[in-house]
Every structure is written in structure tokens, then in C-alpha cells.
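All remarks here apply to the structure that follows.
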Amino acid sequence: MLADDVRGMLYIALKDLRAYYLKPPNISWGILFPFAFVLAFAIRSPGNLRDLVPGLLSLTLLFGTSSMEATVIVFERRTGSLERLLLAPIRLPALLAGKLLGGMAFGLTVTAVVLAVTLVLFGAAGVQWPSLLLALLLGAAAFGALGAFVSVAVREIFEAQTLANLIRFPMMFLGGVFVPVTALPPVLQVMARLLPLTYLVEALQGALAGRPFSESSPDLLALAACTALLFALATLILRRRVE
Amino acid sequence: MTYAVEVVELTKIYPGNRKRLPVRAVDEISFAVREGEIFGFLGPNGAGKTTTIRMLTGLSRPTSGNARVLGYDLKSDLVRVKKHVGVVPEQSNLYDELSAYDNLMFAMQLYGVPRGERHARAQELLARFRLSEKRDTPFAQLSRGMKRALTIAAGLAHRPPLLFLDEPTTGLDVMSARSLRGMIAGLRDEGVTIFLTTHYLEEAERLCDRIAIIVSGHIVALDTVNGLKAQVAGCTMVEVSAADSGGQAETRRFSGNDVETALHAALAWAEAEGRQVVAVNTLRPTLEDVFVRLTGLSAEAMLAEKGAKGGAHAGG
């Protein structure tokens, strides 16, 4: 049964990548959009561009992972093709994990391109690679679970886009991408602690600055906890919707 | 006798809310589908046909009752049930962006068809459903009939011994519907058990070995086509054509408990009208007569409810 679940999960992710994600407009948008944001900020407040790299990587991962995924399940529910997956001999969490995996694969691919560009520009000296890779992987999982949660919580595609942005945009400004969390008013600092993006930005800052793995581990744990919570919620909602 | 499906007191109640009362969509139905037969499930819209299929294929959880599908317990062994049945929903719901071939390959991947067999099986299914030339065409660009055929092919990709077919020919033109019916009959000949719902009584009559009629969540009849017809055999109909003095013929139908009574009524009408009888036919009851008698609904009303076109109905 587990073998069926794992196989189903992988093929659902591959099918989604092929059918929806790996289209030229998606790839170029996924890469250019975060650059545009960061450049706009850099022009407004010129400073050390290198400080913006963790935020740039985090934004790329957030939008790359969650944008398409948040609409794919809604789209398939509307067209009736989600029913094919519900009829397949796999359990519901495996179905959802397949969807999440597709989003993660796409988000990590576009982030890898952006990471390569930043490393060429700023050099890779002192980068704590295990922390960096694990942070990106867990960040992708958390944002993938966020995308899955959004997609099962709504009925229409436009609602999915609205809800995703309602969560992502405040997260972008509170999560330490442009302004350090410590510079925010205390109330907003508390709110920032509830957002997965905050932990990813912090983990990436530590990894790029070459700080030891142990320093990033609370952030990595927080990302894993966000993933578990959002994935459990998404599974619960989808199960209710199916029945 | 071995059964592919055994249903015991299966019930589905959709809970109510502030705006809606609870709905008892399927009410303690029990029936069995024999291995290797085409089992027809007929009923007006909202009678509980699709709800029953959804429960038997794991898309909806029964409120009470249970079923065994291919020997597996529906409640405790659902993943095994899903692994061994094929389902063709009413809507042709493959992936628009994938080609005919890729859609079949994905269906096989999901159901665990061994990697080495997939390509040959996809080619075989494409050939069988006359879609080989459309192998690389995206699903979105296929005609409605081709989409239907490919959806059935995808349901068969993992060689299920039991296939659920929900309204397979609805909305198809006459030729596509006829061709699909031929394919469905061919599957039965290969030993596949078929659970078929349809709005087309003629289709059910031609294809099904046995038919269950469901009305308001209850099964009101279950028998072979001839067995069902025998239930209304008490009502015989005679069709008489009679010409007036100018040679203009008029045709009328008369019913009675037997041929003699019906014929007497027909002749009495011709005599009263001063007409000369030119032709007499006795009409055997059709499945439509059975359906009308049991559901109180005309076949036309059922098709109109569904919004289905008559084209496929007229087709053979």
C-alpha cells in the first residue's frame, strides 16, 4: 500500500510538472518576478545588495512553489480531472503530497537558477551548504503545503489567487525580506513569528553568512512544523470536501 | 454463482443545513451484480444512480450498509477495491494538456501497471478505440466521441475485471454512440463485468443482461429485460390502421388485458368511424413501457431532465 502511495505521489508530481508547470511563461515569470521586486527595493534604498539575497531566494521559492500549486487543485476540481486521482488506489495524503511535490520541484528549480545567478554575482565563499540546501528544501515544503491548503480551502481559481496573495503579500513585508524583523514594531514582530517566510529568510541569512548549522536548526524546525500543520489542515479539508 | 458486486442495505444521507433539509439519496438498497454480465442501472435524474456508483468506487462514504466489490470489503479494503475496478465517469475528465498516449500512460502509472507493459498496452488501447492516429494529439483537441472513447480506454488501462460506466453515450452523435456500444458489448464477451448507468432505454435494452430500476433511492425492479417486460405483459396493445372512404388512413393504438379485448375495441372504433381496417399489429411491451409503469415518468421526460440529445438514443 505504501509502495502504491509513493508511486502515485511521484507520478502525480511528474504529470503536474508536465501539464502545468514547465511552460515557458511560468518559468520566466517565476524567475523574473522576485528579481523585479528586489530591484525595485534596491533602487529605492540602495545599500548592500548582498543583504537582499536571502530575501530574493525566499521570495522566489515562495512564489515559485505556491503560485501554480494553489490553482492546480482548484482547476482540476472544476474540470473534473481531480476525480481521476481520487479514484486511484492511493490514499488522500499521498494524492496531496504528489501535488505538493510538483510545486516544490518547480519552486526549487526556479530558485536554483536565481541562486546560481547570485552566487556568480557575489561568490560562494563561506556558504554553509547543508544549512542552505536543507533550508530551501524545508522552505519549499512549507510553501508547497501553504499552496495545498489554499487550493483546498476555496472553490474558484480567482479565490485561490486572492487567498494566496492575502497570505503571501503581508508575509513578504513582515517576513524580513526587505526590513529586518527586529526593526518592526513589537506587535508585528509577534506576527512575523507566525509566518514560515520569516524562518526561511533567517535560515538563509545564517547559511549564506557561513554560521554553523546549529544556529539555523530552530528555523529549520519551525519550517518543518509549518509544513506539518498546513499539510494536516489541507488533508482534513480535502477529506471533508470529498465526502 | 459468483458476484462481482454485492450490495447490502447501502444508504447515503446527505446531511441538511440551514438552507436545506437532509436528503436520503440512496435508501437501504441491496442487489448483486453477477460476474461477466452487463448490469444496467436505470432511473430518472436524482434517483440515486450516480450516488450509488460514487459509493461503490470510493468517491463517497456510505452513511450505512456496506458492499463487497470483487470480494473486497468496501469499507475496510477500499484501496484494493480501487486498484481492481475501472471507472468511467459521466464527464470525460482526462487531462486536456496531455496527449492521448500520455493520458493512457499516466492512468497506467497511477494503477501500477508494470513499466515494461505500459507502452504496448497504450498502443493496443489506442488501436482498439480507433485512436492510433490521434496518439500525440492533446486531449483538449479531440472530438467529443474521441474524448469519450479515450476516457473509456483510460478506465480499462489496468485491465480491471469490473468496469463502472456512467452514461457512456450521453451527448454523442449516432455513429459514435453506436461504435461505443459495440465496444462495450465486446468487453462483456472478453469477460469484463460492466456496471452501466444510462438514460437511454433502448441502449439498456440492447446491452444489458439484467437491469435494476432505481427511483427515489429505492430499487423498484431488478430482472432481465424479458423478465421486466413480463411484469407489464398484462397490458397488451394493438395498433390499427383504418382508411376512410377517400382512402385516407389513420393509425391508432388500443390497449386491453389481452389481444382479443384490444382488437374488439379497435374494430368498434373503425366501424363507428365508417373506416375500413387495412393493417393490424400487436405490440409487445418495450422497456419504455416497463419504465413508465414503474417510475411514472416518460422516457422523453427523463431525457429532457438530463438535457441529453436524442441523437444517440435514435442510434443503434
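Labels for the C-alpha cells follow display order: chains A, B, ..., residues from 1 in each chain, ligands from 1.
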Proximal residues of chain A relative to chain B (only C-alpha atoms; 12 Å) as a count of residues only: 50
Test item: residues at most 12 Å from B:Cys208, only C-alpha atoms, excluding those fewer than 6 positions along its chain, as a list in words: Val33, Arg34, Gly36, Glu37, Ile38, Phe39, Gly40, Phe41, Leu42, Arg181, Ile184, Ala185, Arg188, Thr193, Ile194, Phe195, Leu196, Thr197, Thr198, Tyr200, Leu201, Glu202, Leu222, Asp223, Thr224, Val225, Asn226 and Leu287 of chain B
A:Leu223 surroundings by only C-alpha atoms, 7 Å radius, close-in-sequence under 5 positions cut, as a PDB file with N, CA and C atoms, in the first residue's frame:
```pdb
ATOM      1  N   LEU A 138      13.132  22.602   3.060  1.00  0.00           N
ATOM      2  CA  LEU A 138      12.045  22.735   4.043  1.00  0.00           C
ATOM      3  C   LEU A 138      11.161  23.943   3.731  1.00  0.00           C
ATOM      4  N   GLY A 139      11.795  25.007   3.202  1.00  0.00           N
ATOM      5  CA  GLY A 139      11.011  26.176   2.802  1.00  0.00           C
ATOM      6  C   GLY A 139      10.050  25.795   1.679  1.00  0.00           C
ATOM      7  N   ALA A 142       7.205  23.855   3.105  1.00  0.00           N
ATOM      8  CA  ALA A 142       6.249  24.704   3.838  1.00  0.00           C
ATOM      9  C   ALA A 142       5.385  25.502   2.858  1.00  0.00           C
ATOM     10  N   PRO A 196       6.004  31.290   7.969  1.00  0.00           N
ATOM     11  CA  PRO A 196       7.143  30.443   7.564  1.00  0.00           C
ATOM     12  C   PRO A 196       8.243  31.210   6.837  1.00  0.00           C
ATOM     13  N   TYR A 199      11.160  32.397   8.988  1.00  0.00           N
ATOM     14  CA  TYR A 199      12.149  31.373   9.369  1.00  0.00           C
ATOM     15  C   TYR A 199      13.057  31.017   8.196  1.00  0.00           C
TER      16      TYR A 199
END
```
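Considering the residues A:Trp129, A:Phe63, A:Phe33, A:Phe231 and counting only C-alpha atoms, A:Leu146 has its shortest atom-to-atom contact with A:Phe231.
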Stretch 39-177 of chain A: which residues are alpha helix (DSSP H) by DSSP, as a ChimeraX atom specification? /A:39-44,53-79,82-87,92-122,129-153,157-174
